[in-house]
file target_26.cif (mmCIF, C-alpha atoms)
data_upload
loop_
_atom_site.label_atom_id
_atom_site.label_comp_id
_atom_site.auth_asym_id
_atom_site.auth_seq_id
_atom_site.Cartn_x
_atom_site.Cartn_y
_atom_site.Cartn_z
CA MET J 457 2.56 4.32 -4.46
CA GLU J 458 5.44 3.69 -6.79
CA MET J 459 4.21 5.46 -9.89
CA GLU J 460 6.79 8.24 -9.58
CA ARG J 461 10.42 7.31 -10.01
CA LYS J 462 11.88 10.76 -9.58
CA VAL J 463 14.87 11.41 -7.37
CA ARG J 464 13.53 12.19 -3.92
CA LYS J 465 14.86 13.14 -0.58
CA SER J 466 15.23 10.08 1.58
CA SER J 467 12.87 11.71 4.07
CA PHE J 468 9.96 11.05 1.71
CA GLU J 469 11.12 7.49 1.14
CA PHE J 470 11.30 6.98 4.89
CA LEU J 471 7.84 8.51 5.16
CA ARG J 472 6.55 5.89 2.73
CA ILE J 473 8.06 3.13 4.86
CA VAL J 474 6.55 4.55 8.06
CA CYS J 475 3.14 4.88 6.44
CA MET J 476 3.18 1.29 5.23
CA LEU J 477 4.09 0.11 8.72
CA MET J 478 1.14 2.17 10.00
CA ILE J 479 -1.18 0.49 7.50
CA VAL J 480 -0.13 -2.97 8.67
CA ALA J 481 -0.49 -1.92 12.32
CA GLY J 482 -3.93 -0.52 11.56
CA HIS J 483 -4.96 -3.82 10.01
CA VAL J 484 -3.75 -5.58 13.17
CA CYS J 485 -6.02 -3.30 15.22
CA LEU J 486 -8.97 -4.23 13.01
CA GLN J 487 -8.17 -7.94 13.20
CA HIS J 488 -7.69 -7.98 16.97
CA HIS J 489 -10.78 -8.32 19.14
CA THR J 490 -10.72 -6.04 22.15
CA ASP J 491 -13.78 -5.89 24.39
CA PHE J 492 -15.32 -2.45 24.83
CA ASP J 493 -14.24 -1.25 28.25
CA LEU J 494 -13.82 2.45 29.02
CA ARG J 495 -11.73 1.55 32.05
CA GLY J 496 -9.67 -1.08 30.26
CA SER J 497 -6.20 -0.02 29.23
CA GLU J 498 -6.09 -2.30 26.18
CA TRP J 499 -9.22 -0.90 24.53
CA THR J 500 -8.25 2.66 25.43
CA ILE J 501 -4.71 2.45 24.08
CA GLN J 502 -5.91 0.74 20.91
CA LEU J 503 -8.40 3.59 20.41
CA LEU J 504 -5.54 6.06 20.75
CA LEU J 505 -3.01 4.29 18.53
CA ARG J 506 -5.43 3.49 15.74
CA GLY J 507 -6.10 7.20 15.34
CA PHE J 508 -2.40 7.87 14.81
CA PHE J 509 -2.22 5.05 12.23
CA MET J 510 -5.22 6.31 10.19
CA ILE J 511 -3.24 8.99 8.38
CA ALA J 512 -1.17 6.66 6.19
CA VAL J 513 -3.38 6.45 3.11
CA ASN J 514 -3.94 10.21 2.97
CA VAL J 515 -0.20 10.80 3.28
CA PHE J 516 0.54 8.50 0.34
CA VAL J 517 -1.74 10.60 -1.87
CA LEU J 518 -0.19 13.84 -0.60
CA ILE J 519 3.21 12.48 -1.63
CA SER J 520 1.87 11.83 -5.13
CA GLY J 521 0.55 15.37 -5.38
CA TRP J 522 3.83 16.82 -4.08
CA PHE J 523 5.87 15.13 -6.83
CA GLY J 524 3.14 14.91 -9.44
CA ILE J 525 2.03 11.88 -11.40
CA ARG J 526 3.16 11.81 -15.04
CA LEU J 527 0.92 9.34 -16.81
CA LYS J 528 2.76 6.74 -18.88
CA PRO J 529 1.17 3.56 -20.29
CA SER J 530 4.26 1.56 -19.29
CA LYS J 531 3.90 2.57 -15.63
CA LEU J 532 0.19 1.75 -15.54
CA LEU J 533 0.86 -1.60 -17.14
CA ARG J 534 3.68 -2.31 -14.68
CA LEU J 535 1.37 -1.54 -11.77
CA THR J 536 -1.32 -3.78 -13.27
CA LEU J 537 1.08 -6.70 -13.77
CA HIS J 538 2.52 -6.20 -10.31
CA THR J 539 -0.92 -6.34 -8.71
CA TRP J 540 -2.16 -9.23 -10.83
CA PHE J 541 0.96 -11.32 -10.14
CA TYR J 542 0.64 -11.19 -6.36
CA ALA J 543 -3.12 -11.69 -6.49
CA ILE J 544 -2.77 -14.91 -8.51
CA PHE J 545 0.45 -16.18 -6.94
CA PHE J 546 -0.77 -16.11 -3.36
CA PHE J 547 -4.16 -17.49 -4.32
CA VAL J 548 -2.49 -20.54 -5.88
CA LEU J 549 -0.04 -20.85 -2.98
CA ALA J 550 -2.85 -20.66 -0.40
CA VAL J 551 -4.77 -23.40 -2.19
CA ILE J 552 -1.69 -25.63 -2.35
CA VAL J 553 -0.82 -25.28 1.36
CA GLY J 554 -4.45 -25.63 2.40
CA TRP J 555 -5.02 -22.09 3.64
CA HIS J 556 -7.85 -21.56 1.20
CA VAL J 557 -10.66 -23.68 -0.20
CA VAL J 558 -11.61 -22.69 -3.73
CA GLU J 559 -15.06 -21.14 -4.18
CA TRP J 560 -15.15 -19.78 -7.71
CA LYS J 561 -18.31 -17.80 -7.04
CA TYR J 562 -16.30 -15.57 -4.71
CA ASP J 563 -12.72 -16.20 -5.85
CA VAL J 564 -13.25 -14.72 -9.30
CA ARG J 565 -12.61 -11.31 -7.72
CA ILE J 566 -9.05 -12.38 -6.97
CA PHE J 567 -8.38 -12.81 -10.70
CA LEU J 568 -9.74 -9.30 -11.37
CA PRO J 569 -8.25 -7.41 -8.43
CA LEU J 570 -8.42 -3.94 -9.97
CA LEU J 571 -11.92 -4.18 -11.40
CA THR J 572 -13.43 -5.73 -8.28
CA GLY J 573 -11.67 -3.43 -5.81
CA GLN J 574 -9.87 -6.31 -4.15
CA TYR J 575 -7.08 -3.84 -3.52
CA TRP J 576 -9.23 -0.74 -3.17
CA PHE J 577 -6.28 1.63 -2.82
CA VAL J 578 -4.64 0.46 -6.05
CA THR J 579 -7.93 0.72 -7.94
CA CYS J 580 -8.55 4.25 -6.71
CA TYR J 581 -4.93 5.20 -7.27
CA MET J 582 -5.05 4.05 -10.89
CA VAL J 583 -8.13 6.20 -11.45
CA LEU J 584 -6.16 9.08 -9.94
CA CYS J 585 -3.32 8.34 -12.37
CA LEU J 586 -5.74 8.52 -15.29
CA LEU J 587 -7.08 11.84 -14.03
CA ALA J 588 -3.62 13.21 -13.21
CA PRO J 589 -3.00 14.85 -16.64
CA LEU J 590 -6.21 16.86 -16.27
CA LEU J 591 -5.49 17.69 -12.63
CA ASN J 592 -1.93 18.74 -13.49
CA ARG J 593 -3.04 20.97 -16.33
CA TRP J 594 -5.74 22.50 -14.17
CA ALA J 595 -3.38 23.12 -11.25
CA GLU J 596 -0.55 24.46 -13.43
CA ASN J 597 -2.87 27.01 -15.05
CA MET J 598 -4.00 28.39 -11.69
CA SER J 599 -2.15 30.91 -9.60
CA GLY J 600 -1.34 30.14 -5.99
CA SER J 601 -4.16 32.36 -4.73
CA GLU J 602 -6.68 30.77 -7.10
CA MET J 603 -5.67 27.29 -6.04
CA LYS J 604 -5.84 28.24 -2.38
CA ARG J 605 -9.35 29.58 -2.92
CA LEU J 606 -10.40 26.36 -4.64
CA LEU J 607 -9.07 24.23 -1.79
CA LYS J 608 -10.81 26.43 0.78
CA VAL J 609 -14.16 26.23 -1.02
CA ALA J 610 -13.99 22.43 -1.40
CA PHE J 611 -12.74 21.76 2.12
CA PRO J 612 -16.08 22.11 4.01
CA PHE J 613 -17.86 19.76 1.61
CA ILE J 614 -15.18 17.06 1.68
CA TYR J 615 -14.13 17.12 5.36
CA LEU J 616 -16.22 19.37 7.63
CA TRP J 617 -19.60 18.16 6.41
CA PRO J 618 -18.73 14.43 6.72
CA THR J 619 -17.34 15.03 10.23
CA LEU J 620 -20.63 16.57 11.26
CA CYS J 621 -22.56 13.73 9.59
CA TYR J 622 -20.58 11.13 11.54
CA LEU J 623 -21.36 12.99 14.73
CA LEU J 624 -25.10 13.17 13.99
CA ALA J 625 -25.30 9.71 12.37
CA CYS J 626 -26.84 11.11 9.19
CA ARG J 627 -26.25 10.59 5.46
CA GLN J 628 -23.23 12.23 3.89
CA PHE J 629 -23.03 14.31 0.74
CA ILE J 630 -20.15 12.09 -0.45
CA PRO J 631 -20.86 8.71 1.22
CA ASP J 632 -17.50 6.97 0.73
CA ALA J 633 -15.73 7.67 4.07
CA GLY J 634 -12.82 9.14 2.09
CA TYR J 635 -12.08 5.86 0.31
CA GLY J 636 -13.11 7.33 -3.04
CA ILE J 637 -11.66 9.43 -5.81
CA VAL J 638 -12.96 12.75 -4.43
CA ASN J 639 -10.71 12.59 -1.37
CA PHE J 640 -7.81 11.39 -3.51
CA CYS J 641 -8.19 14.27 -5.99
CA TYR J 642 -8.39 16.85 -3.21
CA LEU J 643 -5.28 15.49 -1.47
CA TYR J 644 -3.44 15.33 -4.78
CA LEU J 645 -4.19 18.98 -5.51
CA LEU J 646 -3.29 19.91 -1.93
CA GLY J 647 0.07 18.16 -2.28
CA PHE J 648 0.62 20.06 -5.54
CA TYR J 649 -0.21 23.35 -3.80
CA LEU J 650 2.01 22.68 -0.79
CA HIS J 651 5.01 21.99 -3.00
CA ARG J 652 4.63 24.93 -5.37
CA HIS J 653 2.77 27.70 -3.58
CA TYR J 654 2.75 27.20 0.18
CA VAL J 655 4.98 29.67 2.03
CA ASP J 656 6.16 27.78 5.08
CA SER J 657 7.32 29.79 8.09
CA HIS J 658 7.21 27.00 10.67
CA ARG J 659 9.78 24.57 11.95
CA ALA J 660 9.49 20.80 11.71
CA ARG J 661 8.51 20.40 15.34
CA PHE J 662 5.48 22.65 14.80
CA TYR J 663 4.02 20.05 12.45
CA LEU J 664 5.03 17.14 14.65
CA TYR J 665 3.21 18.70 17.59
CA GLY J 666 0.25 19.40 15.31
CA TYR J 667 0.09 15.78 14.25
CA MET J 668 0.25 14.59 17.85
CA SER J 669 -2.37 17.13 18.95
CA ALA J 670 -4.78 16.10 16.18
CA GLY J 671 -4.31 12.42 17.07
CA VAL J 672 -4.94 13.07 20.76
CA MET J 673 -8.00 15.20 19.94
CA LEU J 674 -9.37 12.39 17.79
CA PHE J 675 -8.95 10.03 20.74
CA VAL J 676 -10.51 12.42 23.25
CA VAL J 677 -13.58 13.07 21.10
CA GLN J 678 -14.18 9.40 20.31
CA TYR J 679 -13.57 8.32 23.91
CA GLY J 680 -15.92 11.02 25.18
CA LEU J 681 -18.66 10.07 22.73
CA SER J 682 -18.19 6.39 23.61
CA TRP J 683 -18.69 7.29 27.27
CA LEU J 684 -21.82 9.35 26.51
CA LEU J 685 -23.39 6.84 24.12
CA GLY J 686 -22.46 3.67 25.98
CA PHE J 687 -20.95 1.92 22.97
CA PRO J 688 -17.64 2.28 21.09
CA PHE J 689 -17.84 5.35 18.84
CA THR J 690 -15.21 4.92 16.13
CA SER J 691 -16.86 6.68 13.18
CA PHE J 692 -14.14 9.31 13.05
CA TYR J 693 -11.75 6.59 11.90
CA SER J 694 -12.45 7.63 8.31
CA TYR J 695 -10.18 9.31 5.80
CA ASN J 696 -12.56 12.24 5.30
CA THR J 697 -12.89 13.46 8.89
CA LEU J 698 -11.40 16.74 10.03
CA PHE J 699 -9.17 15.03 12.61
CA VAL J 700 -7.61 12.53 10.21
CA PHE J 701 -7.17 15.17 7.52
CA VAL J 702 -5.36 17.61 9.83
CA ALA J 703 -3.16 14.87 11.29
CA SER J 704 -2.28 13.66 7.77
CA VAL J 705 -1.22 17.09 6.54
CA LYS J 706 0.78 17.87 9.68
CA PHE J 707 2.60 14.55 9.56
CA PHE J 708 3.39 15.00 5.88
CA LEU J 709 4.74 18.53 6.36
CA PHE J 710 6.90 17.36 9.24
CA PHE J 711 8.73 14.97 6.91
CA ALA J 712 8.88 17.65 4.21
CA HIS J 713 11.13 19.60 6.60
CA VAL J 714 13.47 16.70 7.23
CA ASP J 715 16.52 16.56 4.96
CA VAL J 716 17.95 13.06 4.90
CA LYS J 717 20.08 11.33 2.28
CA SER J 718 20.46 7.58 2.61
CA TRP J 719 20.76 4.98 -0.11
CA LEU J 720 19.65 2.34 2.40
CA ILE J 721 16.36 4.12 3.11
CA ASN J 722 15.76 4.58 -0.61
CA ARG J 723 16.43 0.89 -1.16
CA LEU J 724 14.17 -0.25 1.67
CA ALA J 725 11.31 1.91 0.39
CA VAL J 726 11.14 0.18 -3.00
CA PRO J 727 8.78 -2.68 -1.99
CA CYS J 728 6.15 -0.49 -0.27
CA LEU J 729 3.50 -1.39 -2.82
CA SER J 730 4.39 -5.07 -2.59
CA VAL J 731 4.02 -5.01 1.20
CA TYR J 732 0.46 -3.79 0.71
CA LEU J 733 -0.34 -6.29 -2.05
CA ILE J 734 1.07 -9.28 -0.16
CA HIS J 735 -0.11 -8.74 3.39
CA PHE J 736 -3.59 -7.48 2.39
CA HIS J 737 -4.27 -10.47 0.12
CA PRO J 738 -7.43 -12.22 1.43
CA CYS J 739 -5.71 -15.59 1.21
CA VAL J 740 -2.77 -14.33 3.26
CA TRP J 741 -3.88 -11.87 5.92
CA GLU J 742 -6.75 -13.66 7.64
CA PRO J 743 -5.13 -17.14 7.59
CA LEU J 744 -1.88 -15.62 8.88
CA CYS J 745 -3.65 -13.84 11.74
CA THR J 746 -5.51 -17.03 12.58
CA PHE J 747 -2.32 -19.07 12.46
CA LEU J 748 -0.55 -16.63 14.81
CA HIS J 749 -3.62 -16.39 17.11
CA ILE J 750 -3.46 -12.61 17.01
CA GLU J 751 -6.93 -12.24 18.53
CA GLU J 752 -5.77 -14.15 21.61
CA ILE J 753 -2.76 -11.92 22.32
CA HIS J 754 -3.52 -9.41 25.05
CA GLY J 755 -1.76 -7.10 27.45
CA ALA J 756 1.82 -6.03 26.85
CA GLY J 757 2.22 -8.72 24.19
CA TYR J 758 -0.47 -7.14 22.06
CA PHE J 759 1.11 -3.68 22.09
CA LEU J 760 4.48 -5.22 21.35
CA LEU J 761 2.78 -6.98 18.44
CA LEU J 762 1.50 -3.66 17.06
CA PHE J 763 5.04 -2.37 16.64
CA LEU J 764 7.09 -5.50 15.89
CA PHE J 765 4.67 -7.43 13.66
CA PRO J 766 4.52 -4.70 10.95
CA ILE J 767 8.33 -4.63 10.83
CA ALA J 768 8.46 -8.41 10.45
CA ILE J 769 5.80 -8.30 7.73
CA TYR J 770 7.71 -5.58 5.90
CA ALA J 771 10.97 -7.54 6.06
CA VAL J 772 9.40 -10.77 4.75
CA CYS J 773 7.61 -8.92 1.94
CA TRP J 774 10.87 -7.16 1.03
CA VAL J 775 12.58 -10.53 0.55
CA ILE J 776 9.64 -11.88 -1.48
CA ASP J 777 9.63 -8.82 -3.72
CA GLU J 778 13.36 -9.06 -4.27
CA MET J 779 12.90 -12.62 -5.48
CA ARG J 780 10.02 -11.58 -7.74
CA ALA J 781 12.07 -8.78 -9.27
CA LEU J 782 15.06 -11.06 -9.82
CA LEU J 783 13.04 -13.81 -11.50
CA LEU J 784 10.32 -11.91 -13.34
CA SER J 785 11.65 -8.45 -14.20
CA PRO J 786 12.95 -9.54 -17.65
CA VAL J 787 9.59 -11.15 -18.49
CA GLU J 788 7.68 -8.12 -17.20
CA ARG J 789 9.89 -5.80 -19.24
CA ARG J 790 9.24 -7.74 -22.46
CA ILE J 791 5.49 -7.77 -21.89
CA ILE J 792 5.43 -4.02 -21.29
CA GLU J 793 7.58 -3.28 -24.32
CA ARG J 794 5.37 -5.36 -26.61
CA VAL J 795 2.12 -3.90 -25.33
CA VAL J 796 3.41 -0.33 -25.58
CA ARG J 797 4.72 -1.01 -29.07
CA LEU J 798 1.33 -2.43 -30.06
CA PHE J 799 -0.49 0.66 -28.83
CA ASN J 800 2.00 2.93 -30.58
CA GLN J 801 1.39 1.08 -33.86
CA LYS J 802 -2.37 1.50 -33.48
CA ASP J 803 -1.96 5.22 -32.81
CA SER J 804 0.05 5.61 -36.01
CA TYR J 805 -2.79 4.32 -38.22
#
call {"tool": "encode", "arguments": {"input": "target_26.cif", "output": "structure tokens"}}
result
Amino acid sequence: MEMERKVRKSSFEFLRIVCMLMIVAGHVCLQHHTDFDLRGSEWTIQLLLRGFFMIAVNVFVLISGWFGIRLKPSKLLRLTLHTWFYAIFFFVLAVIVGWHVVEWKYDVRIFLPLLTGQYWFVTCYMVLCLLAPLLNRWAENMSGSEMKRLLKVAFPFIYLWPTLCYLLACRQFIPDAGYGIVNFCYLYLLGFYLHRHYVDSHRARFYLYGYMSAGVMLFVVQYGLSWLLGFPFTSFYSYNTLFVFVASVKFFLFFAHVDVKSWLINRLAVPCLSVYLIHFHPCVWEPLCTFLHIEEIHGAGYFLLLFLFPIAIYAVCWVIDEMRALLLSPVERRIIERVVRLFNQKDSY
């Protein structure tokens, strides 16, 4: 999420903020228990909103492809230290305040967050970073028409086929629901293509309407199948379905059309990764939701929660990350410098 430190339009920084708020809101939907009721407004609206929130992860990868990832050991190490710090810090804090009872058999994963997939997005993103030099070289050596052909050939296998498999409840060719490196690589290459080769003749509102249409279609299909089957059909809430893919690309291209310059937006976008690492920590998220009795909030209060709670979470995490940066940035910088120097010395032998 924060591997690229290039100068960007504030529209992309604002897009990162919006996507992180969507991720938190999506986690609230998953945490909240809503009884299946086709006539109930709460279940129906949650089904609709969750579809609009599902695009966030795909959009983050599209942003990376748009700007390109330039692999540097210092950036990978910084991301590793960043992730490891929050994993350990909030584990210790949760034990101290009594939110968590230590069970080393299961808690060992917290001390190895990248290897164990504790933060699955960061793990997959780091693999993407390692593959980025190869993907960049491959993409840069292809013409626009060649790259377009590649994306067209891969598209049915990565998105159309899984969508059909979800519909028929059968095994997929790539059984990872889009949470794996295949989806990430495709979106990265697509972002690269959109930035360098795509000839755009549409206005921003075209993509906004496209995003809204794809989200509504996702809702209609899942609601209709739920009505036919007699149980909640939510399988299309996966990153590799046609609906989520189309909505992700449309939403991304809408922000690509927006030209905004704001130092405040750029500043507020800095802790996006930290918001994910803090709120998604197993010793933070579930105890926090239990403490706030999120599952017991219904009606208008629940929908208010979906929009205000992510903002509150973002604000608190922003303050926490500011404190971390103020206190630990010098230490982090020394560690990175020494490790990079050590690797450079080994390479010189």
call {"tool": "closest_atom_pairs", "arguments": {"input": "target_26.cif", "of": "region 492-582 of chain J", "to": "region 778-782 of chain J", "cutoff": "10 Å", "atoms": "all atoms listed in the file", "output": "tab-separated table"}}
result
residue	atom	partner	partner_atom	distance
J:His538	CA	J:Arg780	CA	9.6
J:Phe541	CA	J:Arg780	CA	9.4
J:Tyr542	CA	J:Arg780	CA	9.5
call {"tool": "residues_around", "arguments": {"input": "target_26.cif", "residues": "region 498-514 of chain J", "least_positions_apart": "5", "cutoff": "8 Å", "atoms": "all atoms listed in the file", "output": "list in words"}}
result
Cys475, Met476, Met478, Ile479, Ala481, Gly482, Cys485, Thr490, Asp491, Phe492, Asp493, Phe640, Leu643, Met668, Gly671, Val672, Leu674, Phe675, Tyr679, Tyr693, Ser694, Tyr695, Val700, Phe701, Ala703, Ser704, His754 and Gly755 of chain J
call {"tool": "atom_distance", "arguments": {"input": "target_26.cif", "atom1": "CA of Tyr622 (chain J)", "atom2": "CA of Trp683 (chain J)"}}
result
16.3 Å
call {"tool": "resolve_selection", "arguments": {"input": "target_26.cif", "expression": "the PyMOL selection byres ((chain J and resi 619) around 12)", "output": "ChimeraX atom specification"}}
result
/J:611-618,620-631,633-634,674,677-678,690-701
call {"tool": "atom_distance", "arguments": {"input": "target_26.cif", "atom1": "CA of Ile750 (chain J)", "atom2": "CA of Phe736 (chain J)"}}
result
15.5 Å
call {"tool": "residues_around", "arguments": {"input": "target_26.cif", "residues": "Val583 (chain J)", "least_positions_apart": "4", "cutoff": "10 Å", "atoms": "all atoms listed in the file", "output": "ChimeraX atom specification"}}
result
/J:577-579,587-588,636-637,640-641
call {"tool": "build_atoms", "arguments": {"input": "target_26.cif", "residues": "region 550-560 of chain J", "atoms": "all heavy atoms", "output": "short mmCIF file (atom, residue, chain, number, x, y, z; two decimals), in the frame of the given file"}}
result
data_model
loop_
_atom_site.label_atom_id
_atom_site.label_comp_id
_atom_site.auth_asym_id
_atom_site.auth_seq_id
_atom_site.Cartn_x
_atom_site.Cartn_y
_atom_site.Cartn_z
N ALA J 550 -1.94 -20.39 -1.52
CA ALA J 550 -2.85 -20.66 -0.40
C ALA J 550 -3.66 -21.93 -0.63
O ALA J 550 -3.92 -22.69 0.30
CB ALA J 550 -3.79 -19.47 -0.20
N VAL J 551 -4.03 -22.17 -1.87
CA VAL J 551 -4.77 -23.40 -2.19
C VAL J 551 -3.88 -24.62 -2.02
O VAL J 551 -4.30 -25.65 -1.46
CB VAL J 551 -5.32 -23.34 -3.64
CG1 VAL J 551 -5.92 -24.68 -4.04
CG2 VAL J 551 -6.38 -22.24 -3.76
N ILE J 552 -2.62 -24.50 -2.44
CA ILE J 552 -1.69 -25.63 -2.35
C ILE J 552 -1.40 -26.00 -0.89
O ILE J 552 -1.39 -27.19 -0.54
CB ILE J 552 -0.38 -25.29 -3.09
CG1 ILE J 552 -0.63 -25.20 -4.60
CG2 ILE J 552 0.69 -26.35 -2.80
CD1 ILE J 552 0.58 -24.75 -5.39
N VAL J 553 -1.18 -24.99 -0.05
CA VAL J 553 -0.82 -25.28 1.36
C VAL J 553 -2.05 -25.50 2.23
O VAL J 553 -1.92 -25.82 3.41
CB VAL J 553 0.02 -24.14 1.95
CG1 VAL J 553 1.30 -23.95 1.16
CG2 VAL J 553 -0.77 -22.83 2.02
N GLY J 554 -3.23 -25.35 1.65
CA GLY J 554 -4.45 -25.63 2.40
C GLY J 554 -4.99 -24.47 3.21
O GLY J 554 -5.87 -24.66 4.06
N TRP J 555 -4.51 -23.27 2.95
CA TRP J 555 -5.02 -22.09 3.64
C TRP J 555 -6.35 -21.62 3.07
O TRP J 555 -7.05 -20.85 3.71
CB TRP J 555 -4.00 -20.95 3.59
CG TRP J 555 -2.96 -21.04 4.65
CD1 TRP J 555 -2.65 -22.13 5.41
CD2 TRP J 555 -2.08 -20.00 5.08
NE1 TRP J 555 -1.63 -21.84 6.28
CE2 TRP J 555 -1.26 -20.54 6.10
CE3 TRP J 555 -1.88 -18.67 4.71
CZ2 TRP J 555 -0.27 -19.79 6.75
CZ3 TRP J 555 -0.90 -17.92 5.34
CH2 TRP J 555 -0.11 -18.47 6.36
N HIS J 556 -6.65 -22.07 1.88
CA HIS J 556 -7.85 -21.56 1.20
C HIS J 556 -8.53 -22.68 0.43
O HIS J 556 -7.87 -23.47 -0.24
CB HIS J 556 -7.48 -20.42 0.24
CG HIS J 556 -8.65 -19.81 -0.45
ND1 HIS J 556 -9.55 -18.99 0.19
CD2 HIS J 556 -9.09 -19.92 -1.73
CE1 HIS J 556 -10.48 -18.60 -0.67
NE2 HIS J 556 -10.22 -19.15 -1.84
N VAL J 557 -9.84 -22.73 0.56
CA VAL J 557 -10.66 -23.68 -0.20
C VAL J 557 -11.32 -22.91 -1.34
O VAL J 557 -11.98 -21.89 -1.12
CB VAL J 557 -11.74 -24.33 0.69
CG1 VAL J 557 -12.61 -25.28 -0.14
CG2 VAL J 557 -11.09 -25.07 1.85
N VAL J 558 -11.14 -23.40 -2.55
CA VAL J 558 -11.61 -22.69 -3.73
C VAL J 558 -13.13 -22.61 -3.76
O VAL J 558 -13.83 -23.61 -3.62
CB VAL J 558 -11.10 -23.36 -5.02
CG1 VAL J 558 -11.66 -22.66 -6.25
CG2 VAL J 558 -9.58 -23.36 -5.04
N GLU J 559 -13.65 -21.41 -3.94
CA GLU J 559 -15.06 -21.14 -4.18
C GLU J 559 -15.13 -20.13 -5.32
O GLU J 559 -15.06 -18.93 -5.09
CB GLU J 559 -15.75 -20.59 -2.93
CG GLU J 559 -15.81 -21.56 -1.77
CD GLU J 559 -16.60 -20.98 -0.59
OE1 GLU J 559 -17.79 -20.70 -0.78
OE2 GLU J 559 -16.00 -20.79 0.48
N TRP J 560 -15.28 -20.63 -6.53
CA TRP J 560 -15.15 -19.78 -7.71
C TRP J 560 -16.16 -18.64 -7.73
O TRP J 560 -15.91 -17.59 -8.30
CB TRP J 560 -15.28 -20.61 -8.98
CG TRP J 560 -14.13 -21.54 -9.17
CD1 TRP J 560 -14.15 -22.90 -9.15
CD2 TRP J 560 -12.77 -21.17 -9.39
NE1 TRP J 560 -12.89 -23.40 -9.35
CE2 TRP J 560 -12.02 -22.36 -9.50
CE3 TRP J 560 -12.10 -19.94 -9.51
CZ2 TRP J 560 -10.65 -22.35 -9.72
CZ3 TRP J 560 -10.74 -19.95 -9.73
CH2 TRP J 560 -10.03 -21.14 -9.83
#
